[in-house]
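S.K.: The structure under discussion is supplied below as structure tokens; questions concerning it will follow.
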Amino acid sequence: MRAMLVTGFYPGERMGGAEYQTALLAQGLVARGHEVVFLATDASKEDVTEVDGIIVWEIPGWRITGWAEHKQHVVKAIQETAPNICYVRLLTELANMMTPCQEASIPVVSVSSSLKEVSPFLFGYHPRETIGYLRSFRTVPHFRSFLAIRLSAMHVCNTHALKRKVQHWFPRKPIRTIYNGSPVPPRQEIHRTSTGQVIWVNNLKRWKRPQLFVELARRLPQFRFVMIGALAPRGTHAQALGKMMQQGPANFQYLGSMPVEQVNKHISQSDLLVYTSKADVEGFGNSFLQAWFRGVPTVSLSFELDGILEREKVGRFARTFEM
């Protein structure tokens, strides 16, 4: 079988949860003898390379070429690689993928992995983000792609909470909840000795509320607090976060963005992972799995994650900051 997996970019210097999970799926399929084309639709230029047996086909993002030319690149990739199935992790690309896939009788698996992918209306988590979507003309492509879910062979969500929201719009659609996965870590990365370190791992976006982690460090000076994640290079929110972290307490350290292998080592050296994202906003955060697989419990503020933390005894769910 030849599978095409679609997301924004192949993990490297840029890394997000969707890209990481798609790469894991690609590696797993290759290990089982399948051919995999990883279509990265938000690259800076068109390029085709091979990485660990995976064909990485990069095309310029629509911001560079415009929507019409971008769609031509998508169609070219599908026609030249002729996959047997397409897995579209980036919902924005679903409408572009659907027509050429239908013409070639290629089944498509669509995916929702965050709150903005469970409704036809693209609202931000803050008024500034909603205005940004409107200015960039992303609302129309999003609306078309969300409606295209009805044409996919199967739709996948990575939490039950997201599945219920999508099912509201497509009550007869076959939708499955498939949780994210994680590689089994080497034994030396299993946490065994208390270090007094608390860690936060995420890209520093508004709805992830990194400022709460800094405040927690200020209130608990007896522990060491480490934050890892990419901070946007510009914008008023990024500037405010940067200033806040510079003025953070002495027991707080921001390490910036780093490769997942280094992130995993820092997690394994921590006693606790803290998650501060807003309720009902996230999908299945990768840092939960990275912590659990290394024997590190998690505390999540507001975000319940299908009740997994307390049901499986891998952490606690805190409804308020003071808990």
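Following the order of the structure tokens, chains are lettered A, B, ..., residues in each are numbered from 1, and ligands are numbered from 1.
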Just asking: which residues within range 25-189 of chain A are helix (DSSP H, G or I) according to DSSP, as a count of residues only?
M.R.: 77
S.K.: Distance CA of Gly8 in chain A-CA of Leu90 in chain A, one decimal place?
M.R.: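 Going from CA of Gly8 in chain A over to CA of Leu90 in chain A covers 6.6 Å.
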S.K.: So the first atom is CA of Val51 in chain A and the second is CA of Leu24 in chain A; what is the distance between them in Å, to one decimal place?
M.R.: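 CA of Leu24 in chain A lies 12.8 Å from CA of Val51 in chain A.
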S.K.: To one decimal place in Å, what is the distance between CA of Gln253 in chain A and CA of Ser194 in chain A?
M.R.: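 CA of Ser194 in chain A lies 18.5 Å from CA of Gln253 in chain A.
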S.K.: Counting only C-alpha atoms, what is within 6 Å of range 118-122 of chain A, bar same-chain residues fewer than 4 positions away, as a PDB file with N, CA and C atoms, in the first residue's frame?
M.R.:
ATOM      1  N   THR A 139     -11.002  31.990   6.603  1.00  0.00           N
ATOM      2  CA  THR A 139     -12.318  31.495   7.008  1.00  0.00           C
ATOM      3  C   THR A 139     -13.021  30.736   5.884  1.00  0.00           C
ATOM      4  N   PHE A 143     -14.082  26.837   5.964  1.00  0.00           N
ATOM      5  CA  PHE A 143     -15.484  26.455   5.820  1.00  0.00           C
ATOM      6  C   PHE A 143     -15.642  25.362   4.757  1.00  0.00           C
ATOM      7  N   PHE A 146     -14.143  22.076   6.111  1.00  0.00           N
ATOM      8  CA  PHE A 146     -14.960  21.426   7.141  1.00  0.00           C
ATOM      9  C   PHE A 146     -16.149  20.713   6.500  1.00  0.00           C
ATOM     10  N   LYS A 165     -18.272  17.030  19.256  1.00  0.00           N
ATOM     11  CA  LYS A 165     -18.506  18.313  18.594  1.00  0.00           C
ATOM     12  C   LYS A 165     -18.643  18.136  17.081  1.00  0.00           C
ATOM     13  N   VAL A 166     -17.812  17.282  16.482  1.00  0.00           N
ATOM     14  CA  VAL A 166     -17.922  17.053  15.042  1.00  0.00           C
ATOM     15  C   VAL A 166     -19.197  16.286  14.720  1.00  0.00           C
TER      16      VAL A 166
END
S.K.: Which residue gives the smallest distance to Lys265 in chain A among A:Val299, A:Ala279, A:Ile54, A:Ile199, with only C-alpha atoms counted?
M.R.: A:Ile199
S.K.: Counting only C-alpha atoms, which residue out of A:Asn158, A:Gly181, A:Gly66, A:Arg176 sits closest to Pro141 in chain A?
M.R.: A:Gly66
S.K.: Calculated over only C-alpha atoms, which of the candidates A:Thr92, A:Ser105, A:Gln197, A:Asn286 has the smallest distance to Gln21 in chain A?
M.R.: A:Asn286
S.K.: What are the DSSP strand (DSSP E or B) residues of range 48-229 of chain A, as number ranges by chain?
M.R.: A: 48-51, 54-60, 85-88, 108-112, 154-157, 175-177, 197-201, 224-228
S.K.: For Glu19 in chain A, which of A:Asn180, A:Thr49, A:Asn251, A:Thr195 is the closest residue, counting only C-alpha atoms?
M.R.: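 For Glu19 in chain A, the nearest of the candidates is A:Asn180.
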S.K.: For Val263 in chain A, please output as an NGL selection string all residues within 9 Å (counting only C-alpha atoms; exclusion window: fewer than 4 positions along the same chain).
M.R.: :A and (201 or 228 or 257-259 or 267-268 or 290)
S.K.: Could you check which of A:Arg135, A:Arg150, A:Arg2, A:His70 is closest to Pro83 in chain A, using only C-alpha atoms?
M.R.: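 Residue with the minimum atom-to-atom distance to Pro83 in chain A: A:Arg2.
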S.K.: Considering only C-alpha atoms, tabulate each residue of range 253-286 of chain A that lies at most 12 Å from range 238-247 of chain A along with its nearest interatomic pair and the corresponding distance in Å to one decimal; arrange the rows by chain and ascending residue number and present them as a tab-separated table.
M.R.:
residue	atom	partner	partner_atom	distance
A:Gln253	CA	A:Met245	CA	8.1
A:Tyr254	CA	A:Met245	CA	7.1
A:Leu255	CA	A:Met245	CA	10.6
A:Gly256	CA	A:Gly242	CA	10.6
S.K.: Hey, can you spit out that residue selection with C-alpha atoms as a short mmCIF file (atom, residue, chain, number, x, y, z; two decimals), in the first residue's frame?
M.R.:
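selection-v4.cif was written with the following content:
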data_model
loop_
_atom_site.label_atom_id
_atom_site.label_comp_id
_atom_site.auth_asym_id
_atom_site.auth_seq_id
_atom_site.Cartn_x
_atom_site.Cartn_y
_atom_site.Cartn_z
CA GLN A 253 13.98 28.93 33.49
CA TYR A 254 12.77 29.19 29.88
CA LEU A 255 14.79 26.91 27.58
CA GLY A 256 13.10 27.84 24.29
#
S.K.: Can you tell me, as a list in words, what residues are no more than 9 Å from Leu216 in chain A when counting only C-alpha atoms, ignoring any on the same chain fewer than 4 positions away?
M.R.: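 Everything that qualifies: Gln211, Leu212, Leu220, Pro221, Phe225 and Phe321 of chain A.
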S.K.: Would you put the residues from that selection into a file with N, CA and C atoms, as a PDB file, in the first residue's frame?
M.R.:
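And here's result_24.pdb as it stands now:
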ATOM      1  N   GLN A 211       1.627  31.889  31.076  1.00  0.00           N
ATOM      2  CA  GLN A 211       1.818  32.815  32.197  1.00  0.00           C
ATOM      3  C   GLN A 211       1.405  32.188  33.530  1.00  0.00           C
ATOM      4  N   LEU A 212       0.497  31.221  33.495  1.00  0.00           N
ATOM      5  CA  LEU A 212       0.068  30.563  34.732  1.00  0.00           C
ATOM      6  C   LEU A 212       1.188  29.692  35.299  1.00  0.00           C
ATOM      7  N   LEU A 220       5.708  28.890  44.364  1.00  0.00           N
ATOM      8  CA  LEU A 220       6.353  27.700  44.941  1.00  0.00           C
ATOM      9  C   LEU A 220       7.863  27.802  44.761  1.00  0.00           C
ATOM     10  N   PRO A 221       8.514  28.694  45.503  1.00  0.00           N
ATOM     11  CA  PRO A 221       9.956  28.931  45.304  1.00  0.00           C
ATOM     12  C   PRO A 221      10.829  27.745  45.693  1.00  0.00           C
ATOM     13  N   PHE A 225      11.352  25.300  38.175  1.00  0.00           N
ATOM     14  CA  PHE A 225      10.356  25.265  37.115  1.00  0.00           C
ATOM     15  C   PHE A 225      11.029  25.499  35.760  1.00  0.00           C
ATOM     16  N   PHE A 321      -7.002  27.224  39.583  1.00  0.00           N
ATOM     17  CA  PHE A 321      -5.572  27.406  39.803  1.00  0.00           C
ATOM     18  C   PHE A 321      -5.179  27.108  41.245  1.00  0.00           C
TER      19      PHE A 321
END
